[in-house]
Structure formats: C-alpha cells, structure tokens
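Trainee: Next comes the structure file work.csv, holding CSV, C-alpha atoms.
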chain,number,residue,atom,x,y,z
A,7,MET,CA,-34.6,-19.0,71.7
A,8,ALA,CA,-35.5,-15.3,71.4
A,9,PRO,CA,-35.7,-14.2,67.7
A,10,LEU,CA,-33.2,-11.8,66.4
A,11,GLN,CA,-34.3,-8.3,67.0
A,12,ILE,CA,-33.6,-5.9,64.2
A,13,SER,CA,-34.6,-2.3,63.8
A,14,THR,CA,-37.3,-1.0,61.4
A,15,ASN,CA,-34.6,0.7,59.3
A,16,ASP,CA,-32.7,-2.5,58.9
A,17,HIS,CA,-35.9,-4.3,57.9
A,18,ALA,CA,-36.8,-1.7,55.3
A,19,PHE,CA,-33.2,-1.6,54.0
A,20,VAL,CA,-33.2,-5.4,53.3
A,21,LEU,CA,-36.6,-5.2,51.5
A,22,GLN,CA,-35.5,-2.1,49.5
A,23,ALA,CA,-32.3,-3.8,48.4
A,24,ALA,CA,-34.3,-6.8,47.3
A,25,ARG,CA,-36.5,-4.6,45.2
A,26,GLU,CA,-33.4,-3.3,43.5
A,27,GLU,CA,-32.0,-6.9,43.1
A,28,GLN,CA,-29.2,-6.3,45.5
A,29,ARG,CA,-28.2,-7.7,48.9
A,30,VAL,CA,-27.0,-6.1,52.1
A,31,ASP,CA,-23.5,-7.6,51.8
A,32,GLY,CA,-23.1,-6.6,48.1
A,33,ARG,CA,-24.2,-9.9,46.5
A,34,LYS,CA,-26.7,-10.5,43.8
A,35,LEU,CA,-29.9,-12.2,44.6
A,36,LEU,CA,-28.8,-15.7,43.7
A,37,ASP,CA,-25.1,-15.4,44.7
A,38,HIS,CA,-23.7,-17.7,47.4
A,39,ARG,CA,-21.1,-16.8,50.0
A,40,ARG,CA,-17.6,-18.1,49.9
A,41,VAL,CA,-16.9,-21.5,51.4
A,42,ARG,CA,-13.6,-22.0,53.4
A,43,LEU,CA,-12.4,-25.4,54.5
A,44,HIS,CA,-9.9,-26.4,57.2
A,45,PHE,CA,-8.9,-30.0,57.7
A,46,HIS,CA,-7.5,-30.7,61.2
A,47,PRO,CA,-4.6,-33.2,61.6
A,48,GLN,CA,-7.0,-35.6,63.4
A,49,ALA,CA,-8.9,-37.7,60.9
A,50,GLY,CA,-12.6,-36.9,60.9
A,51,MET,CA,-12.3,-33.3,62.2
A,52,VAL,CA,-13.2,-30.6,59.7
A,53,GLU,CA,-14.1,-26.9,60.1
A,54,VAL,CA,-16.2,-25.2,57.5
A,55,GLN,CA,-16.9,-21.5,57.2
A,56,LEU,CA,-19.7,-20.2,55.0
A,57,GLY,CA,-19.5,-16.5,55.1
A,58,SER,CA,-19.5,-15.7,58.8
A,59,THR,CA,-21.0,-19.0,59.8
A,60,ARG,CA,-18.5,-21.6,61.2
A,61,ILE,CA,-19.3,-25.2,62.1
A,62,LEU,CA,-16.9,-27.9,63.3
A,63,GLY,CA,-17.6,-31.5,62.4
A,64,VAL,CA,-16.1,-34.4,64.3
A,65,VAL,CA,-16.6,-38.1,63.5
A,66,SER,CA,-15.9,-40.8,66.0
A,67,ALA,CA,-16.4,-44.6,66.1
A,68,ILE,CA,-16.9,-47.1,68.9
A,69,THR,CA,-17.7,-50.8,69.0
A,70,THR,CA,-21.2,-51.8,70.3
A,71,ALA,CA,-23.8,-54.5,70.0
A,72,PRO,CA,-26.1,-54.3,67.0
A,73,HIS,CA,-29.8,-54.0,67.0
A,74,ILE,CA,-31.7,-57.3,67.4
A,75,ASP,CA,-33.7,-56.8,64.2
A,76,ARG,CA,-30.6,-55.9,62.2
A,77,PRO,CA,-27.7,-58.0,63.5
A,78,SER,CA,-25.5,-57.5,60.4
A,79,GLU,CA,-25.7,-53.7,60.3
A,80,GLY,CA,-23.8,-51.0,62.1
A,81,LEU,CA,-25.1,-47.8,63.5
A,82,PHE,CA,-24.8,-44.2,62.3
A,83,SER,CA,-26.1,-41.2,64.2
A,84,LEU,CA,-25.5,-37.4,64.2
A,85,ASP,CA,-26.2,-34.4,66.4
A,86,LEU,CA,-26.1,-30.7,65.9
A,87,VAL,CA,-25.4,-28.5,68.9
A,88,ALA,CA,-24.8,-24.8,69.3
A,89,CYS,CA,-22.1,-23.1,71.3
A,90,PRO,CA,-23.8,-20.4,73.6
A,91,LEU,CA,-21.2,-17.9,72.3
A,92,ALA,CA,-22.1,-18.5,68.6
A,93,ASP,CA,-25.0,-16.0,68.7
A,94,ALA,CA,-26.4,-13.6,71.2
A,95,SER,CA,-29.9,-15.1,70.7
A,96,PHE,CA,-28.8,-18.6,71.7
A,97,GLU,CA,-29.9,-19.6,75.2
A,98,PRO,CA,-28.0,-22.3,77.3
A,99,TYR,CA,-29.7,-25.7,77.6
A,100,ARG,CA,-32.3,-24.8,75.1
A,101,VAL,CA,-32.5,-25.8,71.4
A,102,SER,CA,-33.4,-23.0,69.1
A,103,ASP,CA,-35.9,-23.3,66.3
A,104,GLN,CA,-33.2,-22.7,63.6
A,105,VAL,CA,-30.9,-25.4,65.1
A,106,ARG,CA,-33.9,-27.8,65.3
A,107,ASP,CA,-34.8,-27.2,61.7
A,108,ALA,CA,-31.2,-27.6,60.5
A,109,ARG,CA,-31.0,-30.9,62.5
A,110,ALA,CA,-34.1,-32.2,60.8
A,111,VAL,CA,-32.6,-31.3,57.4
A,112,LEU,CA,-29.4,-33.3,58.3
A,113,GLN,CA,-31.4,-36.3,59.5
A,114,ARG,CA,-33.3,-36.5,56.2
A,115,ALA,CA,-30.2,-35.8,54.1
A,116,MET,CA,-27.7,-38.0,55.7
A,117,VAL,CA,-29.3,-40.6,58.0
A,118,ARG,CA,-32.5,-41.5,56.2
A,119,SER,CA,-30.9,-41.4,52.8
A,120,LYS,CA,-28.3,-43.9,54.1
A,121,VAL,CA,-25.1,-42.0,53.3
A,122,VAL,CA,-23.0,-44.4,55.3
A,123,ASP,CA,-23.0,-48.1,54.3
A,124,THR,CA,-24.1,-49.6,57.7
A,125,GLU,CA,-23.5,-53.2,56.5
A,126,ALA,CA,-19.8,-52.3,56.0
A,127,LEU,CA,-19.7,-51.3,59.7
A,128,CYS,CA,-20.5,-54.9,60.8
A,129,ILE,CA,-17.5,-56.6,62.5
A,130,LYS,CA,-19.1,-59.9,63.5
A,131,GLY,CA,-22.8,-60.4,62.8
A,132,GLY,CA,-25.0,-60.4,65.9
A,133,LEU,CA,-22.1,-59.6,68.3
A,134,VAL,CA,-20.0,-56.5,67.5
A,135,VAL,CA,-20.5,-53.6,65.1
A,136,TRP,CA,-19.2,-50.1,64.7
A,137,HIS,CA,-21.2,-47.2,65.8
A,138,VAL,CA,-20.2,-44.1,63.8
A,139,ARG,CA,-21.2,-40.8,65.3
A,140,LEU,CA,-21.1,-37.4,63.7
A,141,ASP,CA,-21.1,-34.4,66.0
A,142,LEU,CA,-21.5,-30.9,64.6
A,143,LYS,CA,-20.8,-27.8,66.7
A,144,ILE,CA,-21.9,-24.4,65.7
A,145,LEU,CA,-19.1,-22.0,66.5
A,146,ASP,CA,-20.5,-18.8,64.8
A,147,HIS,CA,-24.0,-18.2,63.5
A,148,GLY,CA,-24.0,-16.0,60.5
A,149,GLY,CA,-27.1,-17.5,58.8
A,150,ASN,CA,-27.9,-20.6,56.8
A,151,LEU,CA,-26.9,-23.2,59.3
A,152,ALA,CA,-28.3,-26.1,57.3
A,153,ASP,CA,-26.0,-25.7,54.3
A,154,CYS,CA,-22.9,-25.1,56.3
A,155,ALA,CA,-23.6,-28.1,58.6
A,156,CYS,CA,-24.3,-30.4,55.6
A,157,ILE,CA,-20.9,-29.5,54.1
A,158,ALA,CA,-19.1,-30.0,57.4
A,159,GLY,CA,-20.8,-33.3,58.0
A,160,VAL,CA,-20.1,-34.7,54.5
A,161,LEU,CA,-16.5,-33.6,54.6
A,162,ALA,CA,-15.9,-35.0,58.1
A,163,LEU,CA,-17.3,-38.4,57.0
A,164,HIS,CA,-15.0,-38.5,54.0
A,165,HIS,CA,-12.0,-37.3,56.1
A,166,PHE,CA,-12.5,-39.9,58.8
A,167,ARG,CA,-10.4,-43.1,58.9
A,168,ASN,CA,-11.6,-46.1,60.9
A,169,LYS,CA,-9.3,-48.6,62.6
A,170,GLU,CA,-8.7,-52.0,61.1
A,171,VAL,CA,-10.2,-55.0,62.7
A,172,THR,CA,-9.2,-58.7,62.7
A,173,VAL,CA,-11.7,-61.5,63.6
A,174,VAL,CA,-10.4,-64.9,64.5
A,175,GLY,CA,-13.2,-67.1,65.7
A,176,GLU,CA,-14.8,-65.3,68.6
A,177,GLN,CA,-11.9,-63.0,69.2
A,178,VAL,CA,-12.0,-59.5,67.8
A,179,THR,CA,-8.8,-57.5,67.6
A,180,ILE,CA,-8.8,-53.7,66.9
A,181,HIS,CA,-5.5,-52.6,65.5
A,182,GLU,CA,-4.1,-49.2,66.4
A,183,GLU,CA,-3.0,-46.7,63.7
A,184,THR,CA,0.7,-47.6,64.4
A,185,GLU,CA,0.0,-51.3,63.6
A,186,ARG,CA,-2.2,-51.0,60.5
A,187,VAL,CA,-3.3,-48.2,58.3
A,188,PRO,CA,-6.9,-47.1,59.0
A,189,ARG,CA,-9.3,-47.2,56.1
A,190,PRO,CA,-12.0,-44.7,55.1
A,191,LEU,CA,-15.7,-45.2,55.5
A,192,THR,CA,-17.9,-46.7,52.7
A,193,LEU,CA,-20.2,-43.9,51.6
A,194,HIS,CA,-22.9,-44.2,49.0
A,195,HIS,CA,-23.3,-40.5,47.9
A,196,MET,CA,-22.6,-36.9,48.9
A,197,PRO,CA,-25.9,-35.0,49.6
A,198,LEU,CA,-25.6,-31.3,49.9
A,199,SER,CA,-28.4,-28.9,51.0
A,200,VAL,CA,-29.0,-25.6,49.2
A,201,THR,CA,-31.2,-23.0,50.9
A,202,TYR,CA,-33.3,-20.3,49.2
A,203,GLY,CA,-35.0,-17.5,51.1
A,204,LEU,CA,-38.4,-16.1,50.2
A,205,LEU,CA,-38.9,-12.4,50.6
A,206,ALA,CA,-42.5,-11.1,50.4
A,207,LEU,CA,-42.3,-7.5,49.0
A,208,PRO,CA,-45.6,-5.5,49.5
A,209,ASP,CA,-46.9,-3.8,46.4
A,210,ALA,CA,-48.2,-0.3,47.0
A,211,ALA,CA,-50.4,-0.4,43.9
A,212,SER,CA,-52.3,-3.5,44.9
A,213,GLU,CA,-52.7,-5.8,47.9
A,214,ALA,CA,-50.8,-8.6,46.2
A,215,GLN,CA,-47.2,-9.4,47.3
A,216,LYS,CA,-44.2,-10.1,45.1
A,217,VAL,CA,-42.1,-13.0,46.2
A,218,VAL,CA,-38.4,-12.5,45.6
A,219,LEU,CA,-36.0,-15.5,45.7
A,220,ILE,CA,-32.6,-15.1,47.4
A,221,ALA,CA,-29.8,-17.7,47.7
A,222,ASP,CA,-27.8,-18.5,50.9
A,223,PRO,CA,-29.5,-15.9,53.2
A,224,SER,CA,-27.4,-14.2,55.9
A,225,ARG,CA,-28.3,-13.8,59.6
A,226,LEU,CA,-29.9,-10.4,59.0
A,227,GLU,CA,-31.8,-11.6,56.0
A,228,GLU,CA,-33.2,-14.6,57.9
A,229,ALA,CA,-34.9,-12.2,60.3
A,230,VAL,CA,-36.8,-10.6,57.4
A,231,LEU,CA,-37.6,-13.8,55.4
A,232,SER,CA,-41.2,-14.8,54.9
A,233,GLY,CA,-40.2,-18.4,54.1
A,234,ARG,CA,-37.4,-20.8,53.1
A,235,ILE,CA,-37.0,-23.6,50.6
A,236,VAL,CA,-34.3,-26.2,51.5
A,237,ILE,CA,-33.4,-28.6,48.7
A,238,THR,CA,-31.0,-31.5,49.3
A,239,ALA,CA,-29.4,-32.5,46.1
A,240,GLY,CA,-26.3,-34.3,44.7
A,241,ARG,CA,-24.6,-35.1,41.5
A,242,ARG,CA,-22.2,-37.9,40.7
A,243,GLU,CA,-23.2,-40.0,37.7
A,244,HIS,CA,-26.6,-38.2,37.4
A,245,SER,CA,-28.5,-35.4,39.1
A,246,VAL,CA,-30.5,-36.4,42.2
A,247,VAL,CA,-32.8,-34.5,44.4
A,248,TYR,CA,-33.0,-36.2,47.8
A,249,GLY,CA,-35.6,-34.0,49.5
A,250,ILE,CA,-37.5,-30.7,49.4
A,251,GLN,CA,-38.5,-28.8,52.6
A,252,LYS,CA,-40.4,-25.6,52.8
A,253,TYR,CA,-40.7,-23.3,55.9
A,254,GLY,CA,-43.0,-20.3,56.3
A,255,GLY,CA,-46.5,-19.5,55.2
A,256,VAL,CA,-45.8,-17.5,52.0
A,257,ALA,CA,-47.3,-19.1,48.9
A,258,VAL,CA,-45.1,-20.0,46.0
A,259,GLN,CA,-45.9,-21.4,42.5
A,260,ALA,CA,-44.8,-24.8,41.4
A,261,SER,CA,-42.5,-23.2,38.7
A,262,VAL,CA,-40.5,-21.4,41.5
A,263,VAL,CA,-39.9,-24.8,43.3
A,264,THR,CA,-38.8,-26.3,40.0
A,265,ARG,CA,-36.4,-23.5,39.3
A,266,CYS,CA,-35.0,-23.9,42.8
A,267,CYS,CA,-34.4,-27.6,42.2
A,268,VAL,CA,-32.5,-26.9,38.9
A,269,MET,CA,-30.3,-24.3,40.6
A,270,ALA,CA,-29.8,-26.5,43.6
A,271,VAL,CA,-28.6,-29.4,41.5
A,272,GLU,CA,-26.1,-27.1,39.7
A,273,ARG,CA,-24.9,-25.7,43.0
A,274,ALA,CA,-24.5,-29.2,44.5
A,275,ALA,CA,-22.5,-30.3,41.4
A,276,GLU,CA,-20.1,-27.3,41.9
A,277,LEU,CA,-19.7,-28.0,45.6
A,278,ASP,CA,-19.2,-31.7,44.9
A,279,GLN,CA,-16.3,-30.9,42.6
A,280,VAL,CA,-14.7,-28.4,45.0
A,281,LEU,CA,-15.0,-30.8,47.9
A,282,GLN,CA,-13.6,-33.7,46.0
A,283,GLN,CA,-10.5,-31.7,45.0
A,284,ALA,CA,-10.0,-30.5,48.6
A,285,LEU,CA,-10.2,-34.1,49.9
A,286,GLN,CA,-7.8,-35.3,47.3
A,287,HIS,CA,-5.3,-32.6,48.1
A,288,ASN,CA,-5.6,-33.3,51.8
A,289,GLU,CA,-5.1,-37.0,51.2
A,290,GLU,CA,-1.9,-36.3,49.3
A,291,GLN,CA,-0.7,-34.0,52.2
A,292,ARG,CA,-1.5,-36.8,54.7
A,293,ARG,CA,0.5,-39.3,52.7
A,294,LEU,CA,3.5,-37.0,52.5
A,295,ALA,CA,3.3,-36.4,56.2
A,296,LEU,CA,3.1,-40.1,56.9
A,297,LEU,CA,6.1,-40.8,54.7
A,298,ARG,CA,8.0,-38.0,56.5
A,299,GLY,CA,7.0,-39.4,59.8
A,300,ARG,CA,8.3,-42.8,58.9
A,301,GLU,CA,11.6,-41.3,57.7
A,302,GLN,CA,11.9,-39.3,60.9
A,303,THR,CA,11.1,-42.4,63.0
A,304,THR,CA,13.9,-44.3,61.1
A,305,LEU,CA,16.4,-41.6,61.7
A,306,GLN,CA,15.4,-41.4,65.4
A,307,THR,CA,15.9,-45.2,65.7
A,308,ALA,CA,19.3,-45.0,64.1
A,309,ASP,CA,20.3,-42.1,66.5
A,310,GLU,CA,19.1,-44.1,69.4
A,311,MET,CA,21.2,-47.1,68.3
A,312,VAL,CA,24.3,-44.8,68.0
A,313,ALA,CA,23.6,-43.3,71.4
A,314,LYS,CA,23.2,-46.7,73.0
A,315,LYS,CA,26.6,-47.8,71.6
A,316,THR,CA,28.1,-44.5,72.7
A,317,ASP,CA,27.0,-45.1,76.2
A,318,GLU,CA,28.4,-48.6,76.1
A,319,ALA,CA,31.7,-47.3,74.8
A,320,GLY,CA,32.0,-44.8,77.6
A,321,GLY,CA,30.8,-41.7,75.7
A,322,ASN,CA,33.3,-42.0,72.9
A,323,THR,CA,31.2,-41.5,69.7
A,324,GLN,CA,34.3,-41.8,67.4
A,325,ALA,CA,35.1,-45.1,69.0
A,326,VAL,CA,31.5,-46.3,68.1
A,327,LEU,CA,31.9,-45.1,64.5
A,328,ASP,CA,35.4,-46.8,64.3
A,329,ALA,CA,33.9,-50.0,65.7
A,330,ASP,CA,31.2,-49.9,63.1
A,331,SER,CA,33.8,-49.4,60.3
A,332,ASP,CA,36.0,-52.1,61.8
A,333,ASP,CA,33.0,-54.5,61.7
A,334,GLY,CA,32.4,-53.6,58.1
A,335,ASP,CA,36.1,-54.2,57.3
A,336,GLU,CA,36.0,-57.6,59.0
A,337,GLU,CA,32.9,-58.6,57.0
A,338,GLU,CA,34.7,-57.5,53.8
A,339,LYS,CA,37.8,-59.6,54.7
A,340,GLU,CA,35.6,-62.6,55.5
A,341,GLU,CA,33.9,-62.2,52.1
A,342,GLU,CA,37.3,-62.1,50.4
Can I see the file as structure tokens?

Mentor:
Amino acid sequence: MAPLQISTNDHAFVLQAAREEQRVDGRKLLDHRRVRLHFHPQAGMVEVQLGSTRILGVVSAITTAPHIDRPSEGLFSLDLVACPLADASFEPYRVSDQVRDARAVLQRAMVRSKVVDTEALCIKGGLVVWHVRLDLKILDHGGNLADCACIAGVLALHHFRNKEVTVVGEQVTIHEETERVPRPLTLHHMPLSVTYGLLALPDAASEAQKVVLIADPSRLEEAVLSGRIVITAGRREHSVVYGIQKYGGVAVQASVVTRCCVMAVERAAELDQVLQQALQHNEEQRRLALLRGREQTTLQTADEMVAKKTDEAGGNTQAVLDADSDDGDEEEKEEE
C-alpha cells in the first residue's frame, strides 16, 4: 500500500492546529467523532460509520467438525478486508499496513480474549460444532479503522441469531427460522478499542519535541502522526483494560499511557451504554415486525381459504360468505 501523500502545507496546518489545541475538522484534541449505526434486516449484519469511516460487519455460522484437542468447543474466527474503492491508497490483492494493524487489534480484542463462548457452540461433542465467522468489510476509509471495526464486530455478534438445533441420538436436526425462533450468541464481554494519536511538535527554542495527544485521528491526521496508542477496554460490572498496543517510535512517559487508559475506560463505558440502548431498541423493532408478520400471515391464510371456497363455489364470494353463515346457524341450532 502506498502511503497517503499530503502536501507540505497540509502537514504544517495539522501541526499548527495541534499547537493551538485545535483539529482540522473543528474538534478539540480529545474529542471523538460521531458514531452512526445501521442495523440491516438480516440478523448479524450491521453497518457502522465513525466520521467518514464506514465498515460493514456480517456474522455467519456453519456446522463443522471440532478440533481434535478441543472436541467440546466450537470455532470463532474473524477477518478484516478492504474494498478497493474505500481509499485511493488501497491496492487490489494487497493488504495494507493499516488494515494489518487493525486486524491484529481485533484478533487480540475479540478472539484471544474469548468474547464468544465457544463451549456454547458445541452441538454434539466430538462430532459437530458451530463455526461462527465474523467478516468485516471496509467501505470507506476516513481514519481510525481499528475503533470502527471493533464497534462493527461487537454489534454484529450481538445482533446475530443462530438457528436452533435438536439432537436425538446420533441425528442432528437444524431448525429453520420458520420452525423455531433463533437464539443469540453467548458473549462474555464487550471489548471496545480506543485509539489516541501522538503528534511530535518540534520546539524552535530547543531540540526537544513536545508530544501532543489527540483522540480518534482522521485520515489526514494519521499521515502526520508520529505514533499511536490503541487501548482495548470495557466496562460492565467493573472497568477492564484488555490490551495496550503502541505503534511508532516516538517516546512517551508512563503517565501519558496511564492517562490514556483512564480516558479509554470512560470512552468504552459511554459506547457500551449507547450500543446497549441501540441493540435493545432494535430488538423491540424486530419483535414488532415479527408480530406484524405473523398477523399478516394469518390474514393471508384466511384470504386463501376464502379464495379457495370461492373457486369451489364458481366464483360467487357472497355464496361462500352465506355458506359460512349458514354453517354457523346450523351449529347454533344444534347447540340449542
């Protein structure tokens, strides 16, 4: 991947704005961009937009044989790929450094931390298990891929519904959605990554450099950064830091890393609350749509019965209705 080429004026403008504690897009140094969520009708398909960055998350599940060393555990894997039209610097059939770094963050945050309960994916020990796969597609690259991809992945896993399975002896039956209501995945926690950029500002009075911390860097700011700190955190019953990753050669003090951890936990707690509310609202909408679908199916079934009787009566709908009313009168007479 060819790095993003920016002009000398843009480079100097970003650094001068950081000296004045401002950002190119009008934000403060530690302000985050707005997060937009879109739930697709298909369960497990979620689109997340962070500023101008858009990522689509899709969860699928298939049955497969378990590993020999872990016969009672299912499988969970993820992949992050970029659409060639997402950014001008993306090259077909080549994985960029930013995509590779974001994929490593997701692997540590979601796979190694065991977000998905793999034991709950076991159908029949040693024979059949579920293999849950999370595919993340970069649609637009506007900076900070790791944070946007992490939100999309977590939401897609919570939004996904897996099919019900019945095991009788050696026979395994997978029920369709029309037969039994699918159930959600068993998830242990909700890890969210928070990225902070490090801008090294040269000091004219001395040779030392001043390191400025910025939150949620954009695509233009990433081209000027001297380093990044990616913190994976979460908060349910208590605050948890799942991992810390640093990129770039600029040196930072331990107090800066501690400050980033505190801010990352607070940001993760805010996102956790927002995502839970969005998931709850979407679940209510899905239930209402399911009830409406059942009512509509019932009405269609009744209409089909009337149409069938109408065809049998030679196309006379009134005769069908009169026949139904006559049947009701005969039943009433028999009861009397």

Trainee: Considering all atoms listed in the file, state which residue in the set A:Leu151, A:Leu193, A:Val160, A:Leu198 is at the smallest distance from A:Val122.

Mentor: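 Ranking A:Leu151, A:Leu193, A:Val160, A:Leu198 by distance to A:Val122, first place goes to A:Leu193.
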
Trainee: Taking into account all atoms listed in the file, which residue in the set A:Val65, A:Val268, A:Ile12, A:Leu296 is nearest to A:Glu183?

Mentor: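 Among the listed residues, A:Leu296 lies closest to A:Glu183.
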
Trainee: Nearest to A:Leu36: which of A:Thr14, A:Thr184, A:Thr201, A:Ser102 is it, counting all atoms listed in the file?

Mentor: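 Using all atoms listed in the file, the shortest distance to A:Leu36 belongs to A:Thr201.
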
Trainee: Would you please work out which residue, of A:Ile129, A:Ala108, A:Leu62, A:Ala92, is nearest to A:Glu170 when using only C-alpha atoms?

Mentor: A:Ile129

Trainee: Which is closest to A:Ala284 among A:Arg29, A:Lys34, A:His17, A:His44, if we use only C-alpha atoms?

Mentor: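 Nearest candidate to A:Ala284 out of A:Arg29, A:Lys34, A:His17, A:His44: A:His44.
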
Trainee: Write out as a CSV table (one decimal) with C-alpha atoms, in the frame of the given file the residues lying within 12 Å of A:Arg33, counting all atoms listed in the file and excluding same-chain residues fewer than 4 positions away.

Mentor:
chain,number,residue,atom,x,y,z
A,23,ALA,CA,-32.3,-3.8,48.4
A,24,ALA,CA,-34.3,-6.8,47.3
A,26,GLU,CA,-33.4,-3.3,43.5
A,27,GLU,CA,-32.0,-6.9,43.1
A,28,GLN,CA,-29.2,-6.3,45.5
A,29,ARG,CA,-28.2,-7.7,48.9
A,37,ASP,CA,-25.1,-15.4,44.7
A,38,HIS,CA,-23.7,-17.7,47.4
A,39,ARG,CA,-21.1,-16.8,50.0
A,40,ARG,CA,-17.6,-18.1,49.9
A,57,GLY,CA,-19.5,-16.5,55.1
A,220,ILE,CA,-32.6,-15.1,47.4
A,221,ALA,CA,-29.8,-17.7,47.7
A,222,ASP,CA,-27.8,-18.5,50.9
A,223,PRO,CA,-29.5,-15.9,53.2
A,224,SER,CA,-27.4,-14.2,55.9

Trainee: Can you tell me, as a list in words, what residues are no more than 10 Å from A:Asp93 when counting all atoms listed in the file, ignoring any on the same chain fewer than 3 positions away?

Mentor: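 So the residues in contact are Leu10, Ala88, Cys89, Pro90, Phe96, Glu97, Ile144, Leu145, Asp146, His147, Gly148 and Arg225 of chain A.
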
Trainee: Ranking A:Leu285, A:Ala67, A:Val111, A:Ala18 by minimum distance to A:Lys252 and counting all atoms listed in the file, which one comes first?

Mentor: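 Nearest candidate to A:Lys252 out of A:Leu285, A:Ala67, A:Val111, A:Ala18: A:Val111.
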
Trainee: Take atom CA of A:Arg265 and atom CA of A:Phe19 and report the distance between them in Å, one decimal.

Mentor: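 Computed distance, atom CA of A:Arg265 to atom CA of A:Phe19, equals 26.6 Å.
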